[in-house]
Amino acid sequence: MDKRLLSIVVPCYNEMQVIPDFYREICLAAQTLSDRVECEFLFIDDGSTDMTLSILKQYAEEDARVRYVSFSRNFGKEAGIYAGLENAVGDYVVVMDADLQHPPMFLSEMLNPIMRGEYDSVAMRRVDRKGEGRLRSFFSRMFYKLNRKISGVDIPEGATDFRMMTRQMVDSVLALPEVNRFTKGIFAWVGYRTLWLPYHNVERPAGQSKWSFGSLVRYSLNGIVAFSTVPLALASILGAICCFAALFMVAWVIIKTLIWGDPVAGFPTLITVILFLGGIQLLMIGILGQYLSKAYMELKHRPMYLTKEKKVGTRKD
């Protein structure tokens, strides 16, 4: 009986400094799995401008397990994950980063529950953020708490993209072809039995993270917009509150003037009210704009990524 195939999907962007270390570690991990599964290493080069693609091509020539897909430009990690799932041919698929912050040594522990049929997915969850800045860690925790409250998906705090899935779950994820993707939310939305394994944060051995604070904020906003309409409801609620407050203030000014003869407050009050209401209006327009922009991008039906060159396997029927 042929062994089942495990596809290891690895999105990469300018990772030439860490790729050799990762390749060495993933080969050792694959050796420990060799009695249960065969492995393919599917690297997704997200338009790297360094020597990442050249290194991957060299590995592909020397090792038949190494495959790659190279984008025409940088399309982002979400596109990289989707391309990896789309081109993976394995019975099981695992997504992990090339920077070794997703340690390959956990692959064996992740595979066992799936092969036993107990779970459809095994995902890793960080229990600490050692090495990260305090401000970044704080906002990350706040995002997960907020997202759980206002969205229809449950994403545990510390959830990562390091996840192993069955072919059935992978096909379900691919059935959602939306361009504005928030993969953590999609993994939760499709359901299936998921086991979360805790682990301690691991720092990069080389290179620098491609995620700036600004890019993480944009990614978080995209995640909220993708899975929740609560901000739109909030806009309506604030509008109603402002209307009632305005009616109350009108009534109060009339009563105060007729009964006590107090003069109506002038310039400072007027400017304060105008700035307050103007700020709320701009905020609500901004929320509407976020949803409108996402719908606009989806309506274009542009491909999620463009492939410049690739070497991939063939899926067995």
# chains A, B, ... in the order shown; residues from 1 in each chain; ligands from 1

call {"tool": "residues_around", "arguments": {"residues": "region 170-180 of chain A", "least_positions_apart": "2", "cutoff": "8 Å", "atoms": "only C-alpha atoms", "output": "list in words"}}
result
Tyr82, Leu85, Glu86, Val93, Met165, Thr166, Arg167, Gln168, Phe182, Ile186, Phe187, Val190, Asn222, Ala226, Lys294, Met297, Glu298, Arg302, Pro303 and Met304 of chain A

call {"tool": "closest_residue", "arguments": {"among": "A:Glu40, A:Glu25, A:Glu61, A:Asp46", "to": "Arg73 (chain A)", "atoms": "only C-alpha atoms"}}
result
A:Asp46

call {"tool": "atom_distance", "arguments": {"atom1": "CA of Cys27 (chain A)", "atom2": "CA of Arg116 (chain A)"}}
result
23.6 Å

call {"tool": "residues_around", "arguments": {"residues": "Ala98 (chain A)", "least_positions_apart": "3", "cutoff": "7 Å", "atoms": "only C-alpha atoms", "output": "list in words"}}
result
Val10, Pro11, Cys12, Ile19 and Phe22 of chain A

call {"tool": "closest_residue", "arguments": {"among": "A:Asp63, A:Glu157, A:Asp97, A:Asp91", "to": "Val9 (chain A)", "atoms": "only C-alpha atoms"}}
result
A:Asp97

call {"tool": "closest_residue", "arguments": {"among": "A:Ile44, A:Leu197, A:Ala79, A:Ala64", "to": "Met124 (chain A)", "atoms": "only C-alpha atoms"}}
result
A:Leu197
